[in-house]
>>> print(open('coords26.txt').read())   # compact mmCIF, C-alpha atoms
# COMPACT_ATOMS: atom_id res chain seq x y z
CA LEU A 216 1.29 -10.00 -7.07
CA ILE A 217 1.46 -11.36 -3.53
CA GLU A 218 2.56 -14.77 -4.76
CA GLY A 219 5.41 -13.09 -6.65
CA PHE A 220 6.47 -11.15 -3.57
CA GLU A 221 6.37 -14.27 -1.39
CA LYS A 222 8.58 -16.05 -3.91
CA SER A 223 11.12 -13.23 -3.57
CA VAL A 224 10.94 -13.51 0.23
CA LYS A 225 11.81 -17.22 0.03
CA GLU A 226 14.68 -16.66 -2.40
CA PHE A 227 16.16 -13.47 -0.94
CA ALA A 228 14.99 -13.35 2.71
CA SER A 229 18.11 -11.67 4.10
CA ARG A 230 18.74 -9.33 1.15
CA ILE A 231 17.80 -5.65 1.28
CA ALA A 232 14.40 -5.05 -0.30
CA ILE A 233 14.21 -1.28 0.23
CA LYS A 234 16.91 1.18 1.20
CA THR A 235 16.54 4.91 1.80
CA GLN A 236 18.82 7.52 3.32
CA LYS A 237 17.16 6.91 6.69
CA GLU A 238 16.31 3.21 6.77
CA SER A 239 16.55 -0.17 5.10
CA ILE A 240 14.56 -3.38 5.34
CA THR A 241 15.15 -6.96 4.17
CA TYR A 242 12.63 -9.03 2.25
CA LEU A 243 11.86 -11.09 5.35
CA GLU A 244 11.38 -7.99 7.52
CA LEU A 245 9.18 -6.42 4.86
CA ASP A 246 7.11 -9.61 4.69
CA ARG A 247 6.59 -9.62 8.47
CA PHE A 248 5.80 -5.91 8.55
CA SER A 249 3.22 -6.27 5.77
CA ASN A 250 1.75 -9.31 7.58
CA ARG A 251 1.15 -7.13 10.65
CA ILE A 252 -0.69 -4.62 8.47
CA ALA A 253 -2.68 -7.37 6.74
CA ASN A 254 -3.69 -8.93 10.05
CA ARG A 255 -4.82 -5.56 11.43
CA LEU A 256 -6.94 -4.89 8.33
CA HIS A 257 -8.33 -8.44 8.45
CA GLU A 258 -9.50 -7.84 12.03
CA ILE A 259 -11.22 -4.60 10.99
CA SER A 260 -12.99 -6.11 7.97
CA ASN A 261 -14.13 -9.14 9.99
CA ASN A 262 -15.58 -6.88 12.68
CA GLN A 263 -17.42 -4.78 10.10
CA ASN A 264 -18.22 -7.68 7.77
CA ILE A 265 -17.15 -5.53 4.80
CA SER A 266 -14.80 -6.64 2.06
CA PRO A 267 -13.03 -5.34 0.15
CA LEU A 268 -12.34 -2.13 2.05
CA ARG A 269 -10.81 0.87 0.34
CA ILE A 270 -7.77 1.87 2.38
CA GLY A 271 -6.00 5.21 2.02
CA LEU A 272 -2.22 5.16 2.51
CA LEU A 273 -0.80 8.49 3.68
CA MET A 274 2.83 8.08 4.70
CA ASP A 275 6.11 9.86 4.02
CA SER A 276 8.33 6.82 4.56
CA ALA A 277 8.92 4.69 1.45
CA VAL A 278 9.36 1.59 3.62
CA ASP A 279 6.07 2.22 5.42
CA MET A 280 4.25 2.95 2.17
CA ILE A 281 5.45 -0.20 0.41
CA ALA A 282 4.70 -2.33 3.48
CA GLY A 283 1.25 -0.71 3.52
CA ILE A 284 0.67 -1.56 -0.14
CA LEU A 285 1.65 -5.18 0.43
CA GLY A 286 -0.41 -5.41 3.62
CA VAL A 287 -3.52 -4.08 1.91
CA LEU A 288 -3.12 -6.49 -1.01
CA LYS A 289 -2.44 -9.44 1.30
CA SER A 290 -5.69 -8.73 3.14
CA ALA A 291 -7.68 -8.61 -0.14
CA HIS A 292 -8.49 -4.92 0.10
CA ILE A 293 -7.89 -1.99 -2.28
CA TYR A 294 -5.38 0.76 -1.60
CA ILE A 295 -5.48 4.39 -2.61
CA PRO A 296 -2.06 6.08 -2.50
CA LEU A 297 -2.11 9.55 -0.94
CA THR A 298 0.77 11.96 -0.55
CA SER A 299 1.48 14.65 2.01
CA ASP A 300 2.30 17.00 -0.88
CA TYR A 301 -1.42 17.15 -1.68
CA PRO A 302 -3.33 20.14 -0.30
CA ALA A 303 -5.94 19.21 2.31
CA LYS A 304 -8.75 20.11 -0.14
CA ARG A 305 -7.46 17.60 -2.72
CA LEU A 306 -7.03 14.91 -0.06
CA SER A 307 -10.57 15.58 1.16
CA TYR A 308 -11.95 15.16 -2.36
CA ILE A 309 -10.11 11.87 -2.94
CA LEU A 310 -11.05 10.48 0.48
CA GLN A 311 -14.74 11.13 -0.21
CA HIS A 312 -14.80 10.26 -3.91
CA ALA A 313 -12.96 6.95 -3.40
CA ASP A 314 -15.19 6.05 -0.44
CA ILE A 315 -12.13 5.36 1.70
CA LYS A 316 -13.09 3.57 4.94
CA TYR A 317 -9.75 3.75 6.78
CA VAL A 318 -6.48 5.62 6.39
CA ILE A 319 -3.14 4.20 7.44
CA THR A 320 -0.88 7.11 8.28
CA ASP A 321 1.99 8.16 10.49
CA LYS A 322 1.54 10.38 13.52
CA SER A 323 3.37 13.34 11.99
CA LEU A 324 0.72 13.59 9.23
CA LEU A 325 -2.29 13.55 11.57
CA PRO A 326 -2.80 17.36 11.38
CA LEU A 327 -3.02 17.17 7.56
CA LEU A 328 -5.42 14.22 7.75
CA GLU A 329 -7.60 15.99 10.32
CA GLU A 330 -7.76 19.09 8.10
CA ALA A 331 -8.77 16.92 5.13
CA THR A 332 -11.45 15.04 7.11
CA VAL A 333 -12.87 17.94 9.13
CA GLU A 334 -16.31 17.51 7.47
CA ASN A 335 -16.33 13.72 7.18
CA HIS A 336 -14.42 11.82 9.83
CA ILE A 337 -12.57 8.76 8.52
CA PRO A 338 -10.99 6.37 11.05
CA HIS A 339 -7.23 6.15 10.91
CA ILE A 340 -4.60 3.63 11.93
CA PHE A 341 -1.14 4.78 12.94
CA ILE A 342 1.65 2.86 11.23
CA GLU A 343 3.73 3.30 14.39
CA ASP A 344 1.16 1.27 16.38
CA ILE A 345 1.35 -1.56 13.85
CA LYS A 346 5.15 -1.54 14.01
CA GLU A 347 5.04 -1.86 17.79
CA ASN A 348 2.78 -4.93 17.60
CA ALA A 349 5.64 -7.15 16.49
CA SER A 350 4.02 -10.43 17.60
CA SER A 351 1.45 -10.36 14.79
CA GLY A 352 4.23 -10.22 12.18
CA ASP A 353 4.89 -13.92 12.71
CA LEU A 354 1.36 -14.75 11.58
CA GLN A 355 1.76 -15.58 7.91
CA PHE A 356 -0.91 -14.00 5.78
CA VAL A 357 -1.37 -16.11 2.67
CA ARG A 358 -4.01 -15.50 0.05
CA THR A 359 -4.36 -16.11 -3.65
CA SER A 360 -5.17 -12.94 -5.55
CA LEU A 361 -7.40 -13.07 -8.59
CA SER A 362 -6.07 -11.28 -11.65
CA ASN A 363 -9.30 -9.33 -12.22
CA GLU A 364 -9.50 -8.03 -8.62
CA ASP A 365 -8.92 -4.33 -8.08
CA ALA A 366 -5.55 -3.69 -6.45
CA TYR A 367 -5.56 0.09 -6.21
CA ILE A 368 -7.16 3.29 -7.42
CA LEU A 369 -4.84 5.98 -8.75
CA TYR A 370 -6.11 9.54 -8.95
CA THR A 371 -5.10 11.66 -11.93
CA SER A 372 -3.51 15.08 -11.51
CA GLY A 373 -6.82 16.75 -12.28
CA SER A 374 -5.18 19.14 -14.75
CA THR A 375 -8.32 19.18 -16.91
CA GLY A 376 -10.71 19.54 -13.99
CA VAL A 377 -11.30 17.42 -10.91
CA PRO A 378 -9.07 14.37 -10.29
CA LYS A 379 -10.43 11.10 -11.61
CA GLY A 380 -9.92 7.71 -10.03
CA VAL A 381 -8.47 5.04 -12.32
CA ARG A 382 -8.90 1.45 -11.14
CA GLN A 383 -5.96 -0.89 -11.55
CA THR A 384 -6.33 -4.66 -11.29
CA HIS A 385 -3.73 -7.20 -10.24
CA ARG A 386 -3.53 -8.20 -13.92
CA ASN A 387 -2.76 -4.59 -14.98
CA ILE A 388 0.08 -4.31 -12.49
CA HIS A 389 1.47 -7.77 -13.26
CA TYR A 390 1.50 -6.99 -16.98
CA PHE A 391 3.27 -3.65 -16.38
CA ILE A 392 5.89 -5.29 -14.15
CA SER A 393 6.50 -8.12 -16.64
CA ARG A 394 6.95 -5.70 -19.56
CA TYR A 395 9.20 -3.46 -17.46
CA ILE A 396 11.44 -6.40 -16.49
CA GLN A 397 11.60 -7.71 -20.06
CA THR A 398 12.25 -4.32 -21.67
CA LEU A 399 15.05 -3.38 -19.27
CA GLN A 400 16.28 -7.00 -18.91
CA LEU A 401 16.23 -6.70 -15.13
CA THR A 402 17.61 -9.42 -12.86
CA HIS A 403 17.65 -9.92 -9.09
CA THR A 404 21.04 -8.20 -8.93
CA ASP A 405 19.73 -4.88 -10.27
CA LYS A 406 18.71 -1.95 -8.09
CA LEU A 407 15.93 0.45 -9.03
CA THR A 408 15.40 4.03 -7.90
CA LEU A 409 11.90 4.99 -6.77
CA PHE A 410 11.13 8.35 -8.35
CA SER A 411 7.34 8.59 -8.23
CA SER A 412 5.46 9.27 -5.03
>>> encode(input="coords26.txt", output="structure tokens")
Amino acid sequence: LIEGFEKSVKEFASRIAIKTQKESITYLELDRFSNRIANRLHEISNNQNISPLRIGLLMDSAVDMIAGILGVLKSAHIYIPLTSDYPAKRLSYILQHADIKYVITDKSLLPLLEEATVENHIPHIFIEDIKENASSGDLQFVRTSLSNEDAYILYTSGSTGVPKGVRQTHRNIHYFISRYIQTLQLTHTDKLTLFSS
């Protein structure tokens, strides 16, 4: 997955990678932003001598979330997507069940995170602090991902009971992307709308 993204960065560095109503970011900027996240997570895992870490991503910004996903994958960790639409009780369950060690979030969502972690404190990293540390974005973070490594854990809606975590490997995601591109005959000139949280 990371190798594929890096290939896109080389080919389309100055092209827009993500655009929302509030912000946009080029492939090169997204690469540097995700490198800052990867380097921060690498420092944490080296200090704790734990790898891979399970990292919760709780952000409202699509740019921040996608940079977070890439940063976690670049640093050889596993991400768990979280959304601010979840009630604090559901977030609390996922945080504990997934054994999340750190949460990357934005400052506006701190009250929700604190409510969800009132019983079990989980350290958090503010995405704003990573953005401000621009110097670490120039440090290229290159790693080769193994296809059978876990990339993320997606929690089900829990409509039949409690939410269940479903592990997804790099191979799963790569296969899905490849089939999606082939079925829709997508090229680098196409634009896709992000519907799911």
>>> residues_around(input="coords26.txt", residues="stretch 264-269 of chain A", least_positions_apart="3", cutoff="8 Å", atoms="all atoms listed in the file", output="MDAnalysis selection string")
chainID A and resid 260:261 291:295 313:317
>>> atom_distance(input="coords26.txt", atom1="atom CA of A:Asp279", atom2="atom CA of A:Leu256")
15.1 Å
>>> residues_around(input="coords26.txt", residues="A:Thr298", least_positions_apart="3", cutoff="10 Å", atoms="only C-alpha atoms", output="list in words")
Gly271, Leu272, Leu273, Met274, Asp275, Tyr301, Pro302, Leu306, Leu324 and Ser412 of chain A
>>> closest_residue(input="coords26.txt", among="A:Val381, A:Ala282, A:Ile309, A:Ile388", to="A:Asn363", atoms="all atoms listed in the file")
A:Ile388
>>> atom_distance(input="coords26.txt", atom1="atom CA of A:Phe248", atom2="atom CA of A:Gly286")
7.9 Å
>>> closest_residue(input="coords26.txt", among="A:Ile340, A:Tyr367, A:Ser362, A:Glu238", to="A:Tyr390", atoms="only C-alpha atoms")
A:Ser362
>>> atom_distance(input="coords26.txt", atom1="atom CA of A:Glu330", atom2="atom CA of A:Ile368")
22.2 Å
>>> closest_residue(input="coords26.txt", among="A:Asn254, A:Ser276, A:Ser307, A:Asn335", to="A:Lys322", atoms="all atoms listed in the file")
A:Ser276
